[in-house]
Every structure is written in structure tokens, then in C-alpha cells.
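J.: So here's target.cif (mmCIF, C-alpha atoms).
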data_model
loop_
_atom_site.label_atom_id
_atom_site.label_comp_id
_atom_site.auth_asym_id
_atom_site.auth_seq_id
_atom_site.Cartn_x
_atom_site.Cartn_y
_atom_site.Cartn_z
CA MET A 59 -11.13 -24.65 12.91
CA SER A 60 -8.76 -26.85 10.88
CA LYS A 61 -7.65 -25.73 7.45
CA THR A 62 -8.95 -27.34 4.27
CA ARG A 63 -6.39 -29.92 3.11
CA ILE A 64 -5.82 -30.00 -0.65
CA LEU A 65 -3.84 -32.45 -2.78
CA VAL A 66 -2.50 -31.12 -6.10
CA VAL A 67 -1.87 -33.69 -8.84
CA GLU A 68 0.10 -32.03 -11.63
CA ASP A 69 3.05 -33.43 -13.60
CA GLU A 70 4.58 -30.04 -14.39
CA SER A 71 6.56 -29.34 -11.22
CA ILE A 72 6.70 -25.57 -11.70
CA VAL A 73 2.91 -25.38 -12.17
CA ALA A 74 2.33 -27.69 -9.19
CA LYS A 75 4.52 -25.55 -6.92
CA ASP A 76 2.86 -22.37 -8.12
CA ILE A 77 -0.60 -23.76 -7.34
CA GLN A 78 0.61 -25.03 -3.96
CA LYS A 79 2.01 -21.62 -2.99
CA SER A 80 -1.11 -19.79 -4.18
CA LEU A 81 -3.42 -22.11 -2.23
CA GLU A 82 -1.31 -21.77 0.92
CA LYS A 83 -1.32 -17.98 0.52
CA LEU A 84 -5.14 -18.16 0.38
CA GLY A 85 -5.19 -20.00 3.70
CA TYR A 86 -5.50 -23.63 2.59
CA GLU A 87 -3.18 -26.45 3.60
CA VAL A 88 -1.34 -28.25 0.79
CA PRO A 89 0.80 -30.89 2.51
CA ALA A 90 1.85 -32.57 -0.73
CA THR A 91 1.73 -32.61 -4.51
CA ALA A 92 1.79 -35.63 -6.82
CA SER A 93 3.05 -35.96 -10.38
CA SER A 94 1.68 -39.39 -11.33
CA ALA A 95 -1.22 -41.73 -10.65
CA ALA A 96 0.92 -43.93 -8.40
CA SER A 97 2.06 -41.03 -6.23
CA ALA A 98 -1.48 -39.61 -6.20
CA TYR A 99 -2.89 -42.87 -4.82
CA GLU A 100 -0.13 -42.94 -2.18
CA LYS A 101 -0.77 -39.32 -1.12
CA LEU A 102 -4.53 -39.85 -1.00
CA GLU A 103 -4.03 -42.52 1.65
CA GLU A 104 -1.33 -40.59 3.44
CA ILE A 105 -2.85 -37.13 3.85
CA GLN A 106 -6.61 -37.81 3.49
CA PRO A 107 -7.31 -34.50 1.65
CA ASP A 108 -10.60 -32.60 1.68
CA LEU A 109 -10.28 -31.70 -2.01
CA VAL A 110 -8.13 -32.74 -4.98
CA PHE A 111 -6.86 -30.70 -7.92
CA LEU A 112 -6.28 -32.96 -10.93
CA ASP A 113 -4.59 -32.21 -14.22
CA ILE A 114 -6.80 -33.88 -16.83
CA LYS A 115 -3.95 -34.64 -19.23
CA LEU A 116 -1.57 -36.15 -16.70
CA LYS A 117 1.24 -38.06 -18.40
CA GLY A 118 1.56 -41.80 -17.91
CA ASP A 119 -0.65 -44.86 -18.24
CA GLU A 120 -3.38 -43.27 -16.11
CA ASP A 121 -4.44 -39.70 -16.75
CA GLY A 122 -6.34 -37.40 -14.40
CA ILE A 123 -9.69 -38.86 -15.42
CA HIS A 124 -8.62 -42.35 -14.34
CA ILE A 125 -7.54 -40.94 -10.98
CA ALA A 126 -10.89 -39.12 -10.67
CA GLU A 127 -12.71 -42.43 -11.28
CA HIS A 128 -10.62 -44.05 -8.56
CA ILE A 129 -11.42 -41.21 -6.15
CA LYS A 130 -15.13 -41.42 -6.94
CA ASP A 131 -15.17 -45.18 -6.38
CA LYS A 132 -13.11 -45.24 -3.19
CA TYR A 133 -13.28 -41.83 -1.50
CA ASN A 134 -15.89 -39.20 -0.76
CA ILE A 135 -13.76 -36.26 -1.92
CA PRO A 136 -14.60 -33.47 -4.41
CA VAL A 137 -12.37 -33.12 -7.47
CA ILE A 138 -11.48 -30.01 -9.47
CA PHE A 139 -9.95 -30.56 -12.91
CA LEU A 140 -7.08 -28.45 -14.18
CA THR A 141 -7.34 -28.01 -17.93
CA SER A 142 -5.77 -26.20 -20.81
CA TYR A 143 -7.20 -27.19 -24.19
CA VAL A 144 -9.05 -30.50 -24.16
CA ASP A 145 -10.80 -32.22 -27.03
CA GLN A 146 -14.49 -33.12 -26.84
CA ALA A 147 -13.82 -36.82 -26.31
CA THR A 148 -11.65 -36.09 -23.26
CA LEU A 149 -14.22 -33.63 -21.94
CA ASP A 150 -16.96 -36.26 -22.30
CA ARG A 151 -14.85 -38.71 -20.28
CA ALA A 152 -14.21 -36.07 -17.63
CA LYS A 153 -17.90 -35.21 -17.21
CA VAL A 154 -18.75 -38.80 -16.31
CA THR A 155 -16.65 -38.49 -13.12
CA GLU A 156 -18.86 -35.57 -12.00
CA PRO A 157 -16.14 -33.10 -10.95
CA TYR A 158 -16.96 -30.13 -8.72
CA GLY A 159 -15.21 -27.61 -10.94
CA TYR A 160 -12.83 -26.83 -13.79
CA LEU A 161 -9.93 -24.39 -13.80
CA VAL A 162 -8.60 -23.40 -17.20
CA LYS A 163 -4.88 -22.62 -17.35
CA PRO A 164 -3.59 -20.01 -16.89
CA PHE A 165 -5.62 -18.78 -13.91
CA ASN A 166 -5.14 -16.26 -11.12
CA GLU A 167 -5.57 -16.46 -7.33
CA SER A 168 -9.06 -15.01 -7.52
CA ASP A 169 -10.15 -17.78 -9.90
CA LEU A 170 -8.47 -20.32 -7.63
CA LYS A 171 -10.23 -19.16 -4.46
CA THR A 172 -13.64 -18.86 -6.13
CA THR A 173 -13.42 -22.34 -7.63
CA VAL A 174 -12.30 -23.94 -4.35
CA GLU A 175 -14.98 -22.23 -2.25
CA MET A 176 -17.75 -23.05 -4.71
CA ALA A 177 -16.63 -26.69 -4.92
CA LEU A 178 -16.49 -27.06 -1.13
CA PHE A 179 -19.88 -25.38 -0.69
CA LYS A 180 -21.57 -27.52 -3.35
CA PHE A 181 -19.97 -30.67 -1.97
CA SER A 182 -21.16 -29.91 1.56
CA LYS A 183 -24.71 -29.33 0.32
CA ASP A 184 -24.66 -32.52 -1.76
CA ARG A 185 -23.40 -34.47 1.26
CA GLU A 186 -26.11 -32.96 3.44
CA VAL A 187 -28.79 -34.03 0.95
CA ARG A 188 -27.29 -37.53 0.67
CA ASP A 189 -27.07 -37.89 4.44
CA ASN A 190 -30.67 -36.79 4.90
CA GLN A 191 -31.88 -39.15 2.18
CA HIS A 192 -29.86 -41.98 3.71
CA ARG A 193 -31.25 -41.37 7.19
CA LEU A 194 -34.81 -41.17 5.88
CA ALA A 195 -34.43 -44.29 3.77
CA ASN A 196 -32.96 -46.22 6.70
CA ALA A 197 -35.72 -45.08 9.01
CA LEU A 198 -38.48 -45.99 6.56
CA ALA A 199 -36.84 -49.31 5.67
CA ARG A 200 -37.00 -50.45 9.29
CA VAL A 201 -40.70 -49.86 9.83
CA GLU A 202 -43.08 -52.80 9.59
CA GLU A 203 -45.67 -50.97 7.49
CA SER A 204 -45.59 -50.60 3.72
CA ILE A 205 -45.03 -46.97 2.72
CA CYS A 206 -45.73 -45.44 -0.67
CA VAL A 207 -44.97 -41.75 -1.18
CA MET A 208 -46.79 -40.05 -4.06
CA ASP A 209 -46.38 -36.66 -5.70
CA THR A 210 -49.16 -34.16 -6.43
CA ASP A 211 -50.30 -36.21 -9.45
CA GLY A 212 -50.39 -39.50 -7.60
CA ARG A 213 -47.15 -40.77 -9.11
CA VAL A 214 -44.72 -42.77 -7.00
CA SER A 215 -41.69 -40.93 -5.60
CA TYR A 216 -40.64 -43.51 -3.00
CA LEU A 217 -41.34 -47.06 -1.81
CA ASN A 218 -39.83 -48.52 1.34
CA ASP A 219 -38.47 -52.09 1.34
CA LYS A 220 -41.76 -53.59 2.50
CA ALA A 221 -43.70 -51.84 -0.27
CA GLU A 222 -41.11 -52.87 -2.88
CA ASN A 223 -41.62 -56.51 -1.92
CA ILE A 224 -45.40 -56.27 -2.06
CA PHE A 225 -45.71 -54.39 -5.34
CA GLY A 226 -42.80 -56.12 -7.10
CA TYR A 227 -41.00 -52.91 -8.08
CA SER A 228 -37.90 -51.20 -6.75
CA THR A 229 -38.17 -47.51 -5.98
CA ALA A 230 -35.86 -46.77 -8.93
CA THR A 231 -38.27 -48.54 -11.27
CA ALA A 232 -41.50 -47.36 -9.67
CA VAL A 233 -40.66 -43.64 -9.55
CA GLY A 234 -42.95 -41.80 -11.96
CA MET A 235 -45.50 -44.62 -12.18
CA ASP A 236 -49.13 -43.93 -11.32
CA ALA A 237 -49.47 -45.45 -7.83
CA PHE A 238 -53.08 -46.44 -8.51
CA GLN A 239 -51.90 -48.46 -11.51
CA MET A 240 -49.90 -50.54 -9.06
CA PHE A 241 -52.64 -51.22 -6.56
CA ASN A 242 -56.32 -50.71 -5.88
CA LEU A 243 -57.80 -49.87 -2.47
CA GLU A 244 -61.33 -50.93 -1.64
CA ILE A 245 -63.35 -49.87 1.39
CA GLU A 246 -66.55 -51.35 2.81
CA GLY A 247 -68.89 -52.68 0.14
CA GLY A 248 -66.10 -53.13 -2.41
CA VAL A 249 -66.05 -49.41 -3.27
CA SER A 250 -62.73 -48.39 -4.81
CA VAL A 251 -60.86 -45.41 -3.39
CA LYS A 252 -60.38 -42.92 -6.22
CA LYS A 253 -57.02 -41.26 -6.63
CA GLU A 254 -58.69 -37.88 -7.25
CA ASP A 255 -60.66 -38.09 -4.02
CA LEU A 256 -57.64 -39.07 -1.95
CA LEU A 257 -55.43 -36.33 -3.42
CA GLY A 258 -58.28 -33.84 -3.03
CA ALA A 259 -58.39 -34.55 0.70
CA MET A 260 -54.60 -34.27 0.90
CA ARG A 261 -54.64 -30.85 -0.79
CA LYS A 262 -57.13 -29.69 1.83
CA ASN A 263 -54.70 -30.92 4.49
CA GLU A 264 -57.17 -33.60 5.58
CA PRO A 265 -55.49 -36.86 6.62
CA TRP A 266 -57.35 -39.97 5.44
CA GLU A 267 -57.65 -43.23 7.36
CA ASN A 268 -59.54 -46.48 7.00
CA LYS A 269 -58.84 -49.53 9.15
CA ASP A 270 -60.89 -51.91 7.00
CA CYS A 271 -59.37 -51.62 3.54
CA HIS A 272 -58.79 -54.33 0.99
CA ILE A 273 -55.70 -53.92 -1.19
CA ILE A 274 -55.39 -55.59 -4.58
CA VAL A 275 -51.92 -55.69 -6.10
CA LYS A 276 -52.51 -55.32 -9.81
CA ARG A 277 -49.27 -56.91 -10.91
CA ASP A 278 -50.42 -60.41 -9.97
CA ASN A 279 -53.91 -59.82 -8.52
CA THR A 280 -52.90 -60.81 -4.97
CA SER A 281 -54.84 -59.17 -2.15
CA ALA A 282 -54.90 -58.63 1.62
CA ASN A 283 -56.90 -56.85 4.30
CA VAL A 284 -55.04 -53.77 5.51
CA SER A 285 -55.34 -50.69 7.64
CA VAL A 286 -54.50 -47.60 5.57
CA SER A 287 -53.65 -44.04 6.51
CA ALA A 288 -52.63 -41.21 4.20
CA SER A 289 -51.03 -37.94 5.25
CA PRO A 290 -50.21 -34.82 3.19
CA ILE A 291 -46.60 -33.74 2.69
CA HIS A 292 -45.65 -30.06 2.56
CA ASP A 293 -42.38 -28.17 2.15
CA GLU A 294 -41.07 -25.46 4.47
CA LYS A 295 -43.25 -22.90 2.65
CA ASN A 296 -46.32 -25.10 3.20
CA GLN A 297 -46.56 -25.94 -0.49
CA PHE A 298 -48.31 -29.26 -1.11
CA LEU A 299 -45.80 -31.85 -2.37
CA GLY A 300 -47.87 -35.01 -2.27
CA CYS A 301 -48.75 -37.61 0.34
CA ALA A 302 -47.53 -40.71 2.13
CA ILE A 303 -49.74 -43.80 2.20
CA VAL A 304 -49.02 -46.21 5.05
CA MET A 305 -50.46 -49.72 4.83
CA SER A 306 -50.28 -52.21 7.70
CA ASP A 307 -51.47 -55.80 7.63
CA LYS A 308 -54.45 -56.28 9.96
CA ASN A 309 -53.44 -59.90 10.49
CA ALA A 310 -49.73 -59.22 10.96
CA SER A 311 -49.48 -61.62 13.88
CA ASN A 312 -50.86 -64.48 11.81
CA GLU A 313 -49.91 -63.80 8.21
CA LYS A 314 -47.98 -61.24 6.24
CA LEU A 315 -49.03 -59.17 3.31
CA PRO A 316 -48.20 -61.04 0.10
CA GLU A 317 -44.56 -60.57 -0.79
CA LEU A 318 -43.92 -60.69 -4.51
CA PRO A 319 -40.52 -61.42 -6.03
CA GLN A 320 -38.69 -58.15 -6.61
CA GLN A 321 -38.37 -57.33 -10.29
CA ALA A 322 -36.46 -54.08 -10.25
CA THR A 323 -36.36 -53.41 -13.94
CA PHE A 324 -37.49 -50.79 -16.36
CA LEU A 325 -38.30 -53.56 -18.85
CA ASP A 326 -41.15 -54.95 -16.71
CA ASN A 327 -41.05 -58.32 -18.49
CA GLN A 328 -42.04 -56.77 -21.79
CA ILE A 329 -39.14 -57.98 -23.93
CA ILE A 330 -40.76 -59.16 -27.10
CA ASN A 331 -38.86 -60.06 -30.27
CA ASN A 332 -35.66 -58.29 -29.21
CA SER A 333 -37.42 -55.14 -28.08
CA PHE A 334 -38.87 -53.55 -24.98
CA PHE A 335 -41.19 -50.68 -24.13
CA VAL A 336 -40.03 -47.44 -22.54
CA LYS A 337 -42.34 -44.75 -21.24
CA LYS A 338 -41.99 -41.42 -23.03
CA GLY A 339 -44.46 -38.78 -21.94
CA SER A 340 -47.85 -40.47 -21.83
CA MET A 341 -46.89 -43.18 -24.32
CA LEU A 342 -45.04 -46.49 -24.25
CA VAL A 343 -42.50 -46.56 -27.08
CA LYS A 344 -41.01 -49.77 -28.42
CA VAL A 345 -37.21 -49.75 -28.47
CA TYR A 346 -35.43 -52.43 -30.49
CA LEU A 347 -32.23 -53.82 -29.00
CA ASP A 348 -30.60 -53.55 -32.44
CA ASN A 349 -31.06 -49.76 -32.32
CA ILE A 350 -29.42 -49.15 -28.94
CA SER A 351 -26.12 -47.29 -29.26
CA TRP A 352 -25.27 -47.09 -25.56
CA ILE A 353 -26.84 -46.81 -22.11
CA GLN A 354 -25.53 -44.23 -19.64
CA ALA A 355 -26.16 -43.65 -15.92
CA MET A 356 -26.69 -40.02 -14.91
CA ASP A 357 -27.46 -39.36 -11.22
CA ASN A 358 -30.76 -41.13 -10.49
CA TYR A 359 -31.59 -41.53 -14.17
CA VAL A 360 -30.52 -43.79 -17.00
CA ILE A 361 -30.21 -42.55 -20.58
CA ILE A 362 -30.91 -45.00 -23.39
CA GLN A 363 -29.41 -43.64 -26.60
CA THR A 364 -30.67 -45.18 -29.82
CA THR A 365 -29.76 -44.44 -33.42
CA SER A 366 -32.65 -41.99 -33.72
CA ASP A 367 -33.85 -41.06 -30.23
CA GLN A 368 -32.97 -40.72 -26.56
CA PHE A 369 -34.97 -41.95 -23.57
CA VAL A 370 -34.46 -40.82 -19.97
CA ILE A 371 -35.89 -43.12 -17.31
CA HIS A 372 -35.80 -43.58 -13.54
CA SER A 373 -33.85 -46.78 -13.01
CA THR A 374 -30.47 -48.17 -12.00
CA MET A 375 -27.75 -49.65 -14.16
CA LYS A 376 -27.92 -52.87 -12.15
CA ASP A 377 -31.63 -53.29 -12.93
CA ILE A 378 -31.04 -52.77 -16.63
CA GLU A 379 -27.90 -54.91 -16.78
CA LEU A 380 -29.79 -57.87 -15.32
CA LYS A 381 -32.40 -57.77 -18.08
CA LEU A 382 -30.29 -57.14 -21.17
CA PRO A 383 -28.95 -60.21 -23.02
CA THR A 384 -25.33 -60.70 -21.92
CA SER A 385 -24.46 -62.16 -25.31
CA ARG A 386 -24.94 -58.71 -26.86
CA PHE A 387 -24.52 -56.11 -24.11
CA LEU A 388 -21.71 -55.54 -21.64
CA ARG A 389 -21.07 -53.07 -18.86
CA VAL A 390 -17.70 -51.43 -19.51
CA HIS A 391 -17.85 -48.67 -16.91
CA ARG A 392 -19.84 -47.90 -13.77
CA SER A 393 -21.80 -45.44 -15.93
CA TYR A 394 -21.99 -47.23 -19.31
CA ILE A 395 -23.42 -50.36 -20.90
CA ILE A 396 -22.70 -50.88 -24.59
CA PRO A 397 -23.74 -53.26 -27.40
CA LEU A 398 -20.56 -55.10 -28.39
CA ASP A 399 -21.45 -55.19 -32.07
CA LYS A 400 -21.59 -51.37 -32.27
CA ILE A 401 -17.93 -50.76 -31.39
CA ASN A 402 -16.08 -48.98 -34.21
CA VAL A 403 -12.67 -48.28 -32.68
CA LEU A 404 -11.08 -48.92 -29.30
CA ASP A 405 -7.87 -48.30 -27.43
CA GLU A 406 -6.76 -49.36 -23.96
CA ASN A 407 -9.06 -46.96 -22.15
CA THR A 408 -11.95 -46.04 -24.45
CA VAL A 409 -14.26 -47.34 -27.16
CA LEU A 410 -15.82 -45.36 -29.98
CA ILE A 411 -19.44 -45.95 -30.97
CA GLY A 412 -20.44 -43.62 -33.77
CA ASP A 413 -18.93 -40.32 -32.65
CA LYS A 414 -19.38 -41.11 -28.94
CA THR A 415 -16.25 -41.86 -26.90
CA ILE A 416 -17.00 -44.14 -23.96
CA PRO A 417 -14.52 -44.82 -21.14
CA ILE A 418 -13.55 -48.33 -20.06
CA GLY A 419 -13.43 -48.65 -16.27
CA LYS A 420 -10.42 -50.42 -14.78
CA SER A 421 -12.54 -52.97 -12.94
CA TYR A 422 -14.43 -53.85 -16.16
CA LYS A 423 -11.46 -53.91 -18.54
CA GLU A 424 -10.39 -57.55 -18.19
CA THR A 425 -13.90 -58.88 -18.80
CA PHE A 426 -14.36 -56.50 -21.73
CA MET A 427 -11.12 -57.48 -23.45
CA ALA A 428 -11.92 -61.18 -23.00
CA ARG A 429 -15.16 -60.71 -24.97
CA LEU A 430 -13.44 -59.34 -28.08
CA ASN A 431 -12.03 -61.22 -31.04
CA PHE A 432 -8.51 -60.30 -32.19
CA LEU A 433 -6.48 -61.33 -35.22
#
If you took the structure in this file and wrote it as C-alpha cells, what would it be?
T.:
Amino acid sequence: MSKTRILVVEDESIVAKDIQKSLEKLGYEVPATASSAASAYEKLEEIQPDLVFLDIKLKGDEDGIHIAEHIKDKYNIPVIFLTSYVDQATLDRAKVTEPYGYLVKPFNESDLKTTVEMALFKFSKDREVRDNQHRLANALARVEESICVMDTDGRVSYLNDKAENIFGYSTATAVGMDAFQMFNLEIEGGVSVKKEDLLGAMRKNEPWENKDCHIIVKRDNTSANVSVSASPIHDEKNQFLGCAIVMSDKNASNEKLPELPQQATFLDNQIINNSFFVKKGSMLVKVYLDNISWIQAMDNYVIIQTTSDQFVIHSTMKDIELKLPTSRFLRVHRSYIIPLDKINVLDENTVLIGDKTIPIGKSYKETFMARLNFL
């Protein structure tokens, strides 16, 4: 079994050598160290490490956080930050890169080994989950039927590509929505299938099937005749997790189910007078664009921070970016969209909105700077 290859990026040569020797003593391979962003980028290509140690406060134009952003964008490698004292603003910037660990100087070999092993273990598990999700998504995307996966309350947890086209929502937008608010199923005689009845059958582990259903898409009232089957989903402990509804067009050889334009957006066309509605609990809350301080991506969620509240929604930054007025809002980082009129202070790499420090991504910097007025 090959050794884990680690790149150490540290501008204090004595510290870098000490870490290198300690890691090698613990059985890891450290073929090189780097003292700057330029040498780090060169070594990343040269040695293809399995893990990178990064000093957060690396001297030079690009600090460790910039390098971590580069690694996250270009490589699939876990990062561990080396820190001494860091201020809150720097820590906030570091968190956005989603590191797999922090080591506070000074540290001993035991701390070093524990941090490396935990980072590698967590990274392998994350990769396993991502790979499984990717395989499942690819498999479901290729099938001809429309697939809607619901949780135990009948809320959407997944739509394949075909279902996204029919219902007019992306999975990111639809997640958490009541599936039966998206469509209505009718059986013989125009009788509507009730969500409670369907889920009741699923909880009893009773698959449901009807080859003569009529589906009505509530978004635009289009309809089609379909064959529908629903199957319960359980975990490895046989706990009920929800169900998968598979809909296939009965007249697939002649005509397709209606395909609606995709509108993958949390706004759902409800922008009215410089505001939009966001779901919070069981309510829809109006959020005024003037009150938005920043928008931040966090895993599969997006956080909308206003002057007085915070909203967490299932969506993507791309969906949101497409719907916000470009005259007022700009994406400045892969994880941040900001209102330009709320900027208080900025430097080459960050902006300050209120007491929030927001990083400026390298690929967004030129566009950002071009939008500002200077004296």
C-alpha cells in the first residue's frame, strides 16, 4: 500500500522542515514543501499530493486561504490549515474553503497524526457519499420515466431530469416542497389520489400502481395520461424514509409528457416591488431586496442574510444569481453574492458589509472592480 503523500505549505523554513520530519517519522511521505503560493501551485502539479497542510497567514500577495480556494476549485484534495492566532475576519474567510482540519501552533506529533487521520477518514467518507450520489443521479437521469422521490411527509427530496422539465423546478429548488402542491394525480372517474392515502400504503410497505392515471401539473395546468407506480424507500435498518413515484407517458411513442421551461429559482416568479417571498417554517415571508446584506452558499443550502433576519433555503447560487437584478447584486466569490450599495470598506481581497468580511474570489475580482466608482 502506497504512503499518503502530503504537501506542506509554510513560509517559515524551520517550521516547515520540522513538520516534514514529524510527518515522515509518522509514516507519511512528504516529497516537498512550499513557501509561497507560486511554489505551492507548482508542487501541487508536480507531486499530486493526497493532502495539503497550509499556513493560513502565508506571506505574499496570496495567503493560505487563497491557495485553499485554488485547491478547492481545481483539485479534489483535503486541506488542513496551520494557525497560530487568527482574527475573526480571517477565520470567516478560512471557513468558506471548508478545510478538513485546523492545527494550532505549537503542536506535537500526536496532534499531527490525529488531525491527519481524521481528515483523511472524513475526506474518504465524503468522497464515498459524493460518488454514490453521482452514480445514482446519473442512473436516474438516463431513465425515460419521470421520477419524484418524497420524504415521509410527502415533501420532495429529488427530481430526475425528466421530472424537472415537466414540473418546471430544479431539484435544488423543489427540495422541501410538498410534492402534491406540484402535481395532482387522478384515477378513474376523476378521483384525486390523496397524499395521506399514498403515504399510508408506503408505510405499510405496500407498493402502489395505476396504469390509467391522469397527471395535472399545477404550475401551468398542463396534463397528460400516465402510468404511475410508487415504491417505499427504507434504510439499512428498515426505517421508512419515504417513497419514489415513477411516472411514464402512456403515449410515449406518439407524444411526450408536457415539458415546461425549467425555472430553477427560489424566487418562483414572485418578485413584486423589489421583494420576493421565502419559505420559513410553514409561512412565506416577504424579503425586500433593500434589506439583503449578503447571500452565502453553504453545502446544498443558501443563506440569505438580511438586516434583521436570516433565511436558509434549498437552492443553488446559480439559480439565485439569475433572478437577482444585476444592477444591484454581484457575485464576488463562488460562495457569496453581495449588494453593491452595502459595501462599507474593501481591500484587494475582501469587502466589509456591516461587520461581515467577505472574500473576493480571483475569478470574480476583475468584474467586481470594474463595477466600482473610484475618485
J.: Can you work out which one of A:Met260, A:Ala92, A:Met305, A:Ala355 has the shortest atom-to-atom distance to Glu203 in chain A, counting all atoms listed in the file?
T.: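 Going through A:Met260, A:Ala92, A:Met305, A:Ala355 one by one, the smallest distance to Glu203 in chain A is for A:Met305.
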J.: So which residues touch Asn402 in chain A within 10 Å, counting only C-alpha atoms, skipping near sequence neighbours fewer than 6 positions away, as a list in words?
T.: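 Residues meeting the cut-off are Val409, Leu410, Ile411, Gly412 and Asp413 of chain A.
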J.: Emit as AutoDock Vina command-line options the padded axis-aligned box for all listed atoms of range 289-292 of chain A, 8 Å per side, with centre and edge lengths in Å to one decimal.
T.:
--center_x -48.3 --center_y -34.0 --center_z 3.9 --size_x 21.4 --size_y 23.9 --size_z 18.7
J.: Tell me, in Å to one decimal, how far CA of Ser93 in chain A is from CA of Val67 in chain A.
T.: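 Computing the Euclidean distance for CA of Ser93 in chain A and CA of Val67 in chain A yields 5.6 Å.
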J.: Any idea what's packed within 9 Å of Pro157 in chain A, counting only C-alpha atoms, ignoring anything in its chain fewer than 5 positions away? Could you give it as JSON, numbers by chain?
T.: {"A": [126, 136, 137, 138, 139, 152, 177]}
J.: What does the distance from CA of Asn407 in chain A to CA of Pro107 in chain A come to in Å, to one decimal?
T.: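 Between CA of Asn407 in chain A and CA of Pro107 in chain A the gap works out to 26.9 Å.
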J.: Between CA of Thr91 in chain A and CA of Ile129 in chain A, what is the distance in Å, rounded to a tenth?
T.: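 Distance reported for this atom pair: 15.8 Å.
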J.: When distances are computed from only C-alpha atoms, which of A:Tyr133, A:Tyr86, A:Trp266, A:Tyr359 shows the smallest separation from Cys301 in chain A?
T.: A:Trp266
J.: Quick one: of A:Asn332, A:Asn279, A:Ser373, A:Asn296, who's nearest to Gly234 in chain A, counting only C-alpha atoms?
T.: A:Ser373
J.: Name the residues that the PyMOL selection byres ((chain A and resi 268) around 7) pulls out of this structure, and write them as a VMD selection string.
T.: chain A and resid 267 269 to 271 285 to 287
J.: Residues near range 71-83 of chain A, anyone? I mean within 12 Å using all atoms listed in the file, not counting same-chain ones fewer than 4 positions away, as a VMD selection string.
T.: chain A and resid 61 to 67 87 to 94 109 to 113 116 140 161 163 to 175
J.: Decode the PyMOL selection byres ((chain A and resi 123) around 8) for the given file into explicit residues and return them as a ChimeraX atom specification.
T.: /A:114,120-122,124-127,151-152,155
J.: Can you write out the residues you just picked, keeping C-alpha atoms, as a PDB file, in the coordinates of the input?
T.:
ATOM      1  CA  ILE A 114      -6.800 -33.880 -16.830  1.00  0.00           C
ATOM      2  CA  GLU A 120      -3.380 -43.270 -16.110  1.00  0.00           C
ATOM      3  CA  ASP A 121      -4.440 -39.700 -16.750  1.00  0.00           C
ATOM      4  CA  GLY A 122      -6.340 -37.400 -14.400  1.00  0.00           C
ATOM      5  CA  HIS A 124      -8.620 -42.350 -14.340  1.00  0.00           C
ATOM      6  CA  ILE A 125      -7.540 -40.940 -10.980  1.00  0.00           C
ATOM      7  CA  ALA A 126     -10.890 -39.120 -10.670  1.00  0.00           C
ATOM      8  CA  GLU A 127     -12.710 -42.430 -11.280  1.00  0.00           C
ATOM      9  CA  ARG A 151     -14.850 -38.710 -20.280  1.00  0.00           C
ATOM     10  CA  ALA A 152     -14.210 -36.070 -17.630  1.00  0.00           C
ATOM     11  CA  THR A 155     -16.650 -38.490 -13.120  1.00  0.00           C
TER      12      THR A 155
END
J.: Might you spell out which residues the PyMOL selection byres ((chain A and resi 375) around 12) would select in the displayed file, as a PDB file with C-alpha atoms, in the coordinates of the input?
T.:
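The new file part12.pdb reads:
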ATOM      1  CA  ALA A 230     -35.860 -46.770  -8.930  1.00  0.00           C
ATOM      2  CA  THR A 231     -38.270 -48.540 -11.270  1.00  0.00           C
ATOM      3  CA  ALA A 322     -36.460 -54.080 -10.250  1.00  0.00           C
ATOM      4  CA  THR A 323     -36.360 -53.410 -13.940  1.00  0.00           C
ATOM      5  CA  PHE A 324     -37.490 -50.790 -16.360  1.00  0.00           C
ATOM      6  CA  TRP A 352     -25.270 -47.090 -25.560  1.00  0.00           C
ATOM      7  CA  ILE A 353     -26.840 -46.810 -22.110  1.00  0.00           C
ATOM      8  CA  GLN A 354     -25.530 -44.230 -19.640  1.00  0.00           C
ATOM      9  CA  ALA A 355     -26.160 -43.650 -15.920  1.00  0.00           C
ATOM     10  CA  MET A 356     -26.690 -40.020 -14.910  1.00  0.00           C
ATOM     11  CA  ASP A 357     -27.460 -39.360 -11.220  1.00  0.00           C
ATOM     12  CA  ASN A 358     -30.760 -41.130 -10.490  1.00  0.00           C
ATOM     13  CA  TYR A 359     -31.590 -41.530 -14.170  1.00  0.00           C
ATOM     14  CA  VAL A 360     -30.520 -43.790 -17.000  1.00  0.00           C
ATOM     15  CA  ILE A 361     -30.210 -42.550 -20.580  1.00  0.00           C
ATOM     16  CA  ILE A 362     -30.910 -45.000 -23.390  1.00  0.00           C
ATOM     17  CA  ILE A 371     -35.890 -43.120 -17.310  1.00  0.00           C
ATOM     18  CA  HIS A 372     -35.800 -43.580 -13.540  1.00  0.00           C
ATOM     19  CA  SER A 373     -33.850 -46.780 -13.010  1.00  0.00           C
ATOM     20  CA  THR A 374     -30.470 -48.170 -12.000  1.00  0.00           C
ATOM     21  CA  LYS A 376     -27.920 -52.870 -12.150  1.00  0.00           C
ATOM     22  CA  ASP A 377     -31.630 -53.290 -12.930  1.00  0.00           C
ATOM     23  CA  ILE A 378     -31.040 -52.770 -16.630  1.00  0.00           C
ATOM     24  CA  GLU A 379     -27.900 -54.910 -16.780  1.00  0.00           C
ATOM     25  CA  LEU A 380     -29.790 -57.870 -15.320  1.00  0.00           C
ATOM     26  CA  LYS A 381     -32.400 -57.770 -18.080  1.00  0.00           C
ATOM     27  CA  LEU A 382     -30.290 -57.140 -21.170  1.00  0.00           C
ATOM     28  CA  LEU A 388     -21.710 -55.540 -21.640  1.00  0.00           C
ATOM     29  CA  ARG A 389     -21.070 -53.070 -18.860  1.00  0.00           C
ATOM     30  CA  VAL A 390     -17.700 -51.430 -19.510  1.00  0.00           C
ATOM     31  CA  HIS A 391     -17.850 -48.670 -16.910  1.00  0.00           C
ATOM     32  CA  ARG A 392     -19.840 -47.900 -13.770  1.00  0.00           C
ATOM     33  CA  SER A 393     -21.800 -45.440 -15.930  1.00  0.00           C
ATOM     34  CA  TYR A 394     -21.990 -47.230 -19.310  1.00  0.00           C
ATOM     35  CA  ILE A 395     -23.420 -50.360 -20.900  1.00  0.00           C
ATOM     36  CA  ILE A 396     -22.700 -50.880 -24.590  1.00  0.00           C
TER      37      ILE A 396
END
J.: Taking all atoms listed in the file into account, name the residue in A:Ile205, A:Val336, A:Leu178, A:Ala237 that is nearest to Val275 in chain A.
T.: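 Among A:Ile205, A:Val336, A:Leu178, A:Ala237, it is A:Ala237 that comes nearest to Val275 in chain A.
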